[in-house]
file entry10.pdb (PDB, C-alpha atoms and all ligand atoms)
ATOM      1  CA  MET G 217     -96.044 -24.574 -79.968
ATOM      2  CA  LYS G 218     -94.345 -21.263 -79.208
ATOM      3  CA  GLU G 219     -97.668 -19.511 -79.620
ATOM      4  CA  GLN G 220     -99.283 -21.893 -77.130
ATOM      5  CA  PHE G 221     -96.549 -21.190 -74.592
ATOM      6  CA  ASP G 222     -97.036 -17.459 -75.044
ATOM      7  CA  LEU G 223    -100.771 -17.896 -74.495
ATOM      8  CA  LEU G 224    -100.071 -19.911 -71.363
ATOM      9  CA  PHE G 225     -97.784 -17.187 -70.042
ATOM     10  CA  GLY G 226    -100.535 -14.657 -70.775
ATOM     11  CA  LEU G 227    -103.007 -16.851 -68.919
ATOM     12  CA  GLN G 228    -100.691 -16.954 -65.930
ATOM     13  CA  GLN G 229    -100.505 -13.174 -65.850
ATOM     14  CA  ILE G 230    -104.279 -12.887 -66.029
ATOM     15  CA  ASP G 231    -104.751 -15.485 -63.292
ATOM     16  CA  SER G 232    -102.224 -13.675 -61.099
ATOM     17  CA  THR G 233    -104.159 -10.450 -61.668
ATOM     18  CA  ILE G 234    -107.405 -12.195 -60.689
ATOM     19  CA  ASP G 235    -105.765 -13.743 -57.605
ATOM     20  CA  ASP G 236    -104.297 -10.426 -56.470
ATOM     21  CA  ALA G 237    -107.549  -8.539 -57.009
ATOM     22  CA  SER G 238    -109.545 -11.243 -55.205
ATOM     23  CA  LYS G 239    -107.136 -11.168 -52.284
ATOM     24  CA  ARG G 240    -107.360  -7.386 -52.075
ATOM     25  CA  LEU G 241    -111.141  -7.563 -52.320
ATOM     26  CA  ALA G 242    -111.312 -10.079 -49.477
ATOM     27  CA  GLY G 243    -108.999  -7.960 -47.353
ATOM     28  CA  LEU G 244    -110.854  -4.686 -47.861
ATOM     29  CA  ASP G 245    -112.202  -3.016 -44.752
ATOM     30  CA  ASP G 246    -115.964  -2.757 -45.232
ATOM     31  CA  GLY G 247    -116.325  -0.685 -42.073
ATOM     32  CA  SER G 248    -118.028  -3.378 -39.990
ATOM     33  CA  GLY G 249    -115.493  -3.045 -37.171
ATOM     34  CA  LYS G 250    -115.937   0.702 -37.087
ATOM     35  CA  ARG G 251    -119.718   0.343 -37.280
ATOM     36  CA  ALA G 252    -119.722  -1.912 -34.210
ATOM     37  CA  GLU G 253    -117.518   0.579 -32.361
ATOM     38  CA  LEU G 254    -119.832   3.432 -33.333
ATOM     39  CA  GLU G 255    -122.865   1.535 -32.038
ATOM     40  CA  GLN G 256    -121.057   0.851 -28.782
ATOM     41  CA  GLN G 257    -120.116   4.521 -28.385
ATOM     42  CA  ARG G 258    -123.678   5.591 -29.233
ATOM     43  CA  ALA G 259    -125.041   3.285 -26.550
ATOM     44  CA  GLU G 260    -122.603   4.806 -24.061
ATOM     45  CA  LEU G 261    -123.705   8.302 -25.101
ATOM     46  CA  ALA G 262    -127.356   7.377 -24.513
ATOM     47  CA  GLU G 263    -126.460   6.150 -21.015
ATOM     48  CA  MET G 264    -124.577   9.359 -20.264
ATOM     49  CA  GLU G 265    -127.473  11.479 -21.509
ATOM     50  CA  THR G 266    -129.895   9.553 -19.290
ATOM     51  CA  ALA G 267    -127.642  10.058 -16.267
ATOM     52  CA  LEU G 268    -127.396  13.799 -16.970
ATOM     53  CA  LYS G 269    -131.158  14.067 -17.335
ATOM     54  CA  GLN G 270    -131.624  12.341 -13.975
ATOM     55  CA  THR G 271    -129.128  14.648 -12.279
ATOM     56  CA  ASN G 272    -130.830  17.713 -13.740
ATOM     57  CA  SER G 273    -134.229  16.494 -12.613
ATOM     58  CA  GLN G 274    -132.907  15.810  -9.073
ATOM     59  CA  GLN G 275    -131.434  19.284  -9.133
ATOM     60  CA  LEU G 276    -134.783  20.813 -10.049
ATOM     61  CA  ASP G 277    -136.530  18.890  -7.237
ATOM     62  CA  LYS G 278    -133.998  20.115  -4.699
ATOM     63  CA  GLU G 279    -134.272  23.695  -5.969
ATOM     64  CA  LEU G 280    -138.033  23.602  -5.464
ATOM     65  CA  GLU G 281    -137.589  22.078  -2.022
ATOM     66  CA  LEU G 282    -135.128  24.817  -1.110
ATOM     67  CA  GLU G 283    -137.498  27.478  -2.349
ATOM     68  CA  SER G 284    -140.396  26.210  -0.254
ATOM     69  CA  THR G 285    -138.119  25.791   2.778
ATOM     70  CA  GLU G 286    -137.034  29.405   2.416
ATOM     71  CA  GLU G 287    -140.623  30.548   2.084
ATOM     72  CA  GLU G 288    -141.673  28.596   5.158
ATOM     73  CA  ARG G 289    -138.743  29.994   7.105
ATOM     74  CA  ALA G 290    -139.590  33.581   6.121
ATOM     75  CA  GLN G 291    -143.166  33.007   7.118
ATOM     76  CA  LYS G 292    -142.231  31.550  10.530
ATOM     77  CA  TRP G 293    -139.743  34.322  11.047
ATOM     78  CA  SER G 294    -142.301  37.083  10.642
ATOM     79  CA  GLN G 295    -144.685  35.052  12.778
ATOM     80  CA  ALA G 296    -142.092  34.870  15.551
ATOM     81  CA  TYR G 297    -140.743  38.374  15.393
ATOM     82  CA  GLY G 298    -143.620  40.349  13.906
ATOM     83  CA  GLY G 299    -144.906  41.208  17.367
ATOM     84  CA  ALA G 300    -148.007  39.030  17.237
ATOM     85  CA  ILE G 301    -146.699  36.468  19.720
ATOM     86  CA  SER G 302    -146.416  37.203  23.406
ATOM     87  CA  ASP G 303    -146.430  33.693  24.808
ATOM     88  CA  PRO G 304    -142.788  32.778  25.446
ATOM     89  CA  LYS G 305    -143.550  29.061  25.066
ATOM     90  CA  GLU G 306    -145.065  29.605  21.674
ATOM     91  CA  LEU G 307    -142.110  31.763  20.705
ATOM     92  CA  ALA G 308    -139.649  29.115  21.877
ATOM     93  CA  SER G 309    -141.431  26.501  19.817
ATOM     94  CA  LEU G 310    -141.314  28.762  16.745
ATOM     95  CA  GLU G 311    -137.618  29.419  17.271
ATOM     96  CA  LYS G 312    -136.992  25.713  17.432
ATOM     97  CA  LYS G 313    -138.889  25.318  14.183
ATOM     98  CA  LEU G 314    -136.832  28.151  12.640
ATOM     99  CA  GLU G 315    -133.612  26.390  13.620
ATOM    100  CA  GLU G 316    -134.815  23.179  12.109
ATOM    101  CA  LEU G 317    -135.737  25.004   8.862
ATOM    102  CA  GLN G 318    -132.320  26.639   8.801
ATOM    103  CA  ARG G 319    -130.640  23.234   9.135
ATOM    104  CA  ARG G 320    -132.798  21.865   6.328
ATOM    105  CA  LYS G 321    -131.904  24.866   4.172
ATOM    106  CA  ASP G 322    -128.158  24.418   4.811
ATOM    107  CA  LYS G 323    -128.367  20.749   3.990
ATOM    108  CA  LEU G 324    -130.303  21.384   0.764
ATOM    109  CA  GLU G 325    -127.733  23.960  -0.313
ATOM    110  CA  ASP G 326    -124.941  21.432   0.198
ATOM    111  CA  VAL G 327    -126.828  18.813  -1.766
ATOM    112  CA  LEU G 328    -127.477  21.326  -4.557
ATOM    113  CA  LEU G 329    -123.823  22.334  -4.757
ATOM    114  CA  ALA G 330    -122.878  18.685  -5.183
ATOM    115  CA  LEU G 331    -125.578  18.258  -7.837
ATOM    116  CA  TYR G 332    -124.403  21.330  -9.784
ATOM    117  CA  ASP G 333    -120.922  19.877  -9.762
ATOM    118  CA  LYS G 334    -122.150  16.472 -10.889
ATOM    119  CA  SER G 335    -124.276  17.978 -13.636
ATOM    120  CA  GLU G 336    -121.334  19.994 -14.926
ATOM    121  CA  GLN G 337    -119.086  16.948 -15.039
ATOM    122  CA  GLU G 338    -121.748  14.867 -16.734
ATOM    123  CA  SER G 339    -122.422  17.607 -19.306
ATOM    124  CA  ARG G 340    -118.746  17.681 -20.152
ATOM    125  CA  LYS G 341    -118.676  13.905 -20.565
ATOM    126  CA  VAL G 342    -121.764  14.008 -22.799
ATOM    127  CA  GLU G 343    -120.142  16.710 -24.926
ATOM    128  CA  GLN G 344    -116.942  14.699 -25.336
ATOM    129  CA  GLN G 345    -118.890  11.569 -26.137
ATOM    130  CA  ARG G 346    -120.913  13.424 -28.783
ATOM    131  CA  GLU G 347    -117.640  14.463 -30.391
ATOM    132  CA  THR G 348    -116.374  10.881 -30.313
ATOM    133  CA  VAL G 349    -119.586   9.636 -31.920
ATOM    134  CA  ALA G 350    -119.466  12.355 -34.606
ATOM    135  CA  ARG G 351    -115.817  11.563 -35.381
ATOM    136  CA  LEU G 352    -116.506   7.820 -35.635
ATOM    137  CA  ALA G 353    -119.541   8.404 -37.854
ATOM    138  CA  LYS G 354    -117.394  10.490 -40.181
ATOM    139  CA  GLU G 355    -114.649   7.853 -40.232
ATOM    140  CA  LEU G 356    -117.203   5.154 -40.944
ATOM    141  CA  ASP G 357    -118.576   7.157 -43.866
ATOM    142  CA  ALA G 358    -115.082   7.515 -45.305
ATOM    143  CA  THR G 359    -114.312   3.812 -44.827
ATOM    144  CA  VAL G 360    -117.573   2.707 -46.417
ATOM    145  CA  GLY G 361    -117.094   5.170 -49.296
ATOM    146  CA  ASN G 362    -113.600   3.869 -49.904
ATOM    147  CA  PHE G 363    -114.775   0.265 -49.677
ATOM    148  CA  GLU G 364    -117.526   0.831 -52.221
ATOM    149  CA  ARG G 365    -115.234   2.635 -54.645
ATOM    150  CA  VAL G 366    -112.303   0.193 -54.404
ATOM    151  CA  SER G 367    -114.442  -2.935 -54.423
ATOM    152  CA  ALA G 368    -116.263  -1.720 -57.545
ATOM    153  CA  GLU G 369    -112.890  -1.131 -59.231
ATOM    154  CA  LEU G 370    -111.588  -4.549 -58.217
ATOM    155  CA  GLU G 371    -114.756  -6.326 -59.274
ATOM    156  CA  ALA G 372    -114.600  -4.609 -62.659
ATOM    157  CA  ALA G 373    -110.939  -5.590 -63.040
ATOM    158  CA  ILE G 374    -111.743  -9.204 -62.149
ATOM    159  CA  ALA G 375    -114.667  -9.349 -64.599
ATOM    160  CA  ASP G 376    -112.450  -7.899 -67.318
ATOM    161  CA  ALA G 377    -109.655 -10.383 -66.583
ATOM    162  CA  GLN G 378    -112.118 -13.252 -66.586
ATOM    163  CA  GLN G 379    -113.269 -12.287 -70.066
ATOM    164  CA  GLN G 380    -109.680 -12.260 -71.273
ATOM    165  CA  ARG G 381    -109.150 -15.600 -69.573
ATOM    166  CA  THR G 382    -112.072 -17.173 -71.409
ATOM    167  CA  ALA G 383    -110.709 -15.932 -74.722
ATOM    168  CA  ILE G 384    -107.286 -17.461 -74.039
ATOM    169  CA  VAL G 385    -108.640 -20.745 -72.695
ATOM    170  CA  GLU G 386    -110.608 -21.217 -75.925
ATOM    171  CA  LYS G 387    -107.359 -21.159 -77.887
ATOM    172  CA  LEU G 388    -105.342 -23.313 -75.516
ATOM    173  CA  ASP G 389    -104.557 -26.955 -75.909
ATOM    174  CA  GLU G 390    -106.601 -28.929 -73.370
ATOM    175  CA  LYS G 391    -103.740 -31.032 -72.123
ATOM    176  CA  LEU G 392    -101.537 -27.978 -71.661
ATOM    177  CA  LEU G 393    -104.304 -26.210 -69.754
ATOM    178  CA  ALA G 394    -104.808 -29.229 -67.489
ATOM    179  CA  ASP G 395    -101.042 -29.348 -66.745
ATOM    180  CA  TYR G 396    -101.077 -25.645 -66.048
ATOM    181  CA  GLU G 397    -104.000 -25.887 -63.616
ATOM    182  CA  ASN G 398    -102.363 -28.810 -61.897
ATOM    183  CA  ILE G 399     -99.024 -27.058 -61.415
ATOM    184  CA  ARG G 400    -100.759 -23.846 -60.360
ATOM    185  CA  GLU G 401    -102.550 -25.678 -57.607
ATOM    186  CA  LYS G 402     -99.296 -27.133 -56.293
ATOM    187  CA  SER G 403     -97.173 -24.009 -56.702
ATOM    188  CA  GLY G 404     -99.104 -21.330 -54.852
ATOM    189  CA  GLY G 405    -100.936 -20.089 -57.939
ATOM    190  CA  LEU G 406     -97.794 -19.570 -59.983
ATOM    191  CA  ALA G 407     -97.364 -22.200 -62.714
ATOM    192  CA  VAL G 408     -95.586 -20.290 -65.480
ATOM    193  CA  VAL G 409     -92.566 -18.163 -64.704
ATOM    194  CA  ALA G 410     -90.277 -16.049 -66.823
ATOM    195  CA  VAL G 411     -86.622 -16.848 -67.189
ATOM    196  CA  ASN G 412     -84.578 -14.044 -65.772
ATOM    197  CA  GLY G 413     -81.134 -14.200 -67.374
ATOM    198  CA  SER G 414     -80.484 -17.855 -66.617
ATOM    199  CA  LEU G 415     -82.502 -17.900 -63.392
ATOM    200  CA  CYS G 416     -85.968 -19.278 -62.804
ATOM    201  CA  SER G 417     -87.924 -16.301 -61.490
ATOM    202  CA  GLY G 418     -90.127 -18.654 -59.509
ATOM    203  CA  CYS G 419     -87.413 -20.130 -57.277
ATOM    204  CA  ARG G 420     -84.264 -18.150 -58.216
ATOM    205  CA  VAL G 421     -82.318 -21.301 -59.056
ATOM    206  CA  SER G 422     -80.268 -21.269 -62.233
ATOM    207  CA  ILE G 423     -81.391 -23.231 -65.221
ATOM    208  CA  SER G 424     -79.122 -25.709 -66.960
ATOM    209  CA  VAL G 425     -77.688 -24.835 -70.348
ATOM    210  CA  MET G 426     -79.476 -27.785 -71.842
ATOM    211  CA  LEU G 427     -82.873 -26.572 -70.654
ATOM    212  CA  LEU G 428     -82.095 -23.042 -71.804
ATOM    213  CA  GLU G 429     -81.412 -24.380 -75.271
ATOM    214  CA  GLU G 430     -84.694 -26.285 -75.255
ATOM    215  CA  LEU G 431     -86.436 -23.118 -74.209
ATOM    216  CA  GLU G 432     -84.942 -21.091 -76.998
ATOM    217  CA  LYS G 433     -86.136 -23.660 -79.514
ATOM    218  CA  GLY G 434     -89.607 -23.259 -78.078
ATOM    219  CA  LYS G 435     -90.762 -26.694 -79.176
ATOM    220  CA  LYS G 436     -91.208 -28.456 -75.880
ATOM    221  CA  LEU G 437     -92.724 -27.563 -72.563
ATOM    222  CA  VAL G 438     -89.807 -26.899 -70.252
ATOM    223  CA  ARG G 439     -90.136 -27.059 -66.505
ATOM    224  CA  CYS G 440     -87.721 -25.818 -63.861
ATOM    225  CA  GLU G 441     -85.764 -28.757 -62.477
ATOM    226  CA  ASN G 442     -85.979 -27.289 -58.999
ATOM    227  CA  CYS G 443     -89.539 -25.948 -58.532
ATOM    228  CA  ARG G 444     -91.187 -27.790 -61.458
ATOM    229  CA  ARG G 445     -92.835 -24.661 -62.751
ATOM    230  CA  ILE G 446     -93.237 -24.101 -66.483
ATOM    231  CA  LEU G 447     -90.507 -21.824 -67.771
ATOM    232  CA  HIS G 448     -91.257 -19.105 -70.230
ATOM    233  CA  TYR G 449     -88.689 -17.554 -72.432
ATOM    234  CA  SER G 450     -89.337 -14.223 -74.060
ATOM    235  CA  GLU G 451     -86.804 -12.576 -76.347
TER     236      GLU G 451
HETATM  237 ZN    ZN L   1     -87.870 -22.772 -60.374
END
call {"tool": "encode", "arguments": {"input": "entry10.pdb", "output": "structure tokens", "more": "lines below"}}
Ligand SMILES: [Zn+2]
result
Amino acid sequence: MKEQFDLLFGLQQIDSTIDDASKRLAGLDDGSGKRAELEQQRAELAEMETALKQTNSQQLDKELELESTEEERAQKWSQAYGGAISDPKELASLEKKLEELQRRKDKLEDVLLALYDKSEQESRKVEQQRETVARLAKELDATVGNFERVSAELEAAIADAQQQRTAIVEKLDEKLLADYENIREKSGGLAVVAVNGSLCSGCRVSISVMLLEELEKGKKLVRCENCRRILHYSE
């Protein structure tokens, strides 16, 4: 009987190993949270890049408009003051046109200054966002790498423990195994506990002298009077 109890204690240790590894496996970060965040940040980067492209294209349009306004103004200026015009009415009309072109030029320069400023700010934002995306991508790689490595280790440990479990179960008395499974289900996975001095290591309540004697004999299955777990005594 003693041998059976030792096997049962061994089974408990293996099952605890399997439970712990399974819990760790389930709790491992597979990077899905980080992946979602990365996708979100990438989408934001794409939006920022589009906005910057639009600003730069507006800027180019306004630069061309300014250039042609300046050309037109230079042309009108030489027309007005090149000595070819003697009619004061015609000259007055040209001067009016020149004023209008000057106003347009001033306005375009203001608009361009604002656009340069906007473009600079947007470029900076794009740069920062690119850094954020690169950092997240790197973190995701590390998380996924860690997940793959640790989950492979845990899966191997579980498979190994399951093999050991099968070997023990084959040698175990059926009734004893059924009791064990039953208690395990009711006691949070822990059915067999070691005796620590005279304490049950499952519930920390002391064990009666009578039960301790029974345990030492090793002939009967002894259960803690408090938590009902199977007690195991090892010399
Ligand atoms: Zn107990």
call {"tool": "closest_residue", "arguments": {"input": "entry10.pdb", "among": "G:Ala290, G:Leu370, G:Leu447, G:Ala358", "to": "ligand ZN 1 (chain L)", "atoms": "all atoms listed in the file"}}
result
G:Leu447
call {"tool": "closest_residue", "arguments": {"input": "entry10.pdb", "among": "G:Arg444, G:Arg381, G:Arg420, G:Arg258", "to": "Leu224 in chain G", "atoms": "only C-alpha atoms"}}
result
G:Arg381
call {"tool": "residues_near_ligand", "arguments": {"input": "entry10.pdb", "ligand": "ligand ZN 1 (chain L)", "cutoff": "6 Å", "atoms": "all atoms listed in the file", "output": "PyMOL selection string"}}
result
chain G and resi 416+418-419+421+440+442-443+445
call {"tool": "residues_near_point", "arguments": {"input": "entry10.pdb", "point": "(-108.0, -16.6, -76.4)", "cutoff": "8 Å", "atoms": "all atoms listed in the file", "output": "ChimeraX atom specification"}}
result
/G:223,380-388
call {"tool": "atom_distance", "arguments": {"input": "entry10.pdb", "atom1": "CA of Glu430 in chain G", "atom2": "CA of Gly405 in chain G"}}
result
24.5 Å
call {"tool": "closest_residue", "arguments": {"input": "entry10.pdb", "among": "G:Val349, G:Leu227, G:Ala330, G:Ile423", "to": "Ala407 in chain G", "atoms": "only C-alpha atoms"}}
result
G:Leu227
call {"tool": "closest_residue", "arguments": {"input": "entry10.pdb", "among": "G:Ser302, G:Gln337, G:Ser248, G:Gln220", "to": "Val360 in chain G", "atoms": "only C-alpha atoms"}}
result
G:Ser248
call {"tool": "resolve_selection", "arguments": {"input": "entry10.pdb", "expression": "the PyMOL selection byres (((chain G and resi 363) around 12) and not hetatm)", "output": "count of residues only"}}
result
24
call {"tool": "closest_residue", "arguments": {"input": "entry10.pdb", "among": "G:Leu261, G:His448, G:Glu325, G:Gly413", "to": "Thr348 in chain G", "atoms": "only C-alpha atoms"}}
result
G:Leu261
call {"tool": "closest_residue", "arguments": {"input": "entry10.pdb", "among": "G:Leu324, G:Leu268, G:Leu310, G:Met426", "to": "Leu282 in chain G", "atoms": "only C-alpha atoms"}}
result
G:Leu324
call {"tool": "residues_around", "arguments": {"input": "entry10.pdb", "residues": "range 312-319 of chain G", "least_positions_apart": "2", "cutoff": "8 Å", "atoms": "all atoms listed in the file", "output": "list in words"}}
result
Thr285, Glu286, Glu288, Arg289, Lys292, Trp293, Ala308, Ser309, Leu310, Lys321, Asp322 and Lys323 of chain G
call {"tool": "residues_around", "arguments": {"input": "entry10.pdb", "residues": "Ala267 in chain G", "least_positions_apart": "4", "cutoff": "8 Å", "atoms": "all atoms listed in the file", "output": "PyMOL selection string"}}
result
chain G and resi 263+271+338
call {"tool": "atom_distance", "arguments": {"input": "entry10.pdb", "atom1": "CA of Gly249 in chain G", "atom2": "CA of Lys354 in chain G"}}
result
14.0 Å
call {"tool": "resolve_selection", "arguments": {"input": "entry10.pdb", "expression": "the PyMOL selection byres (((chain G and resi 449) around 9) and not hetatm)", "output": "VMD selection string"}}
result
chain G and resid 221 to 222 409 to 412 428 431 to 432 434 447 to 448 450 to 451
call {"tool": "atom_distance", "arguments": {"input": "entry10.pdb", "atom1": "CA of Gln378 in chain G", "atom2": "CA of Lys391 in chain G"}}
result
20.4 Å
call {"tool": "resolve_selection", "arguments": {"input": "entry10.pdb", "expression": "the PyMOL selection byres (((chain G and resi 377) around 8) and not hetatm)", "output": "JSON, numbers by chain"}}
result
{"G": [230, 231, 233, 234, 373, 374, 375, 376, 378, 379, 380, 381]}
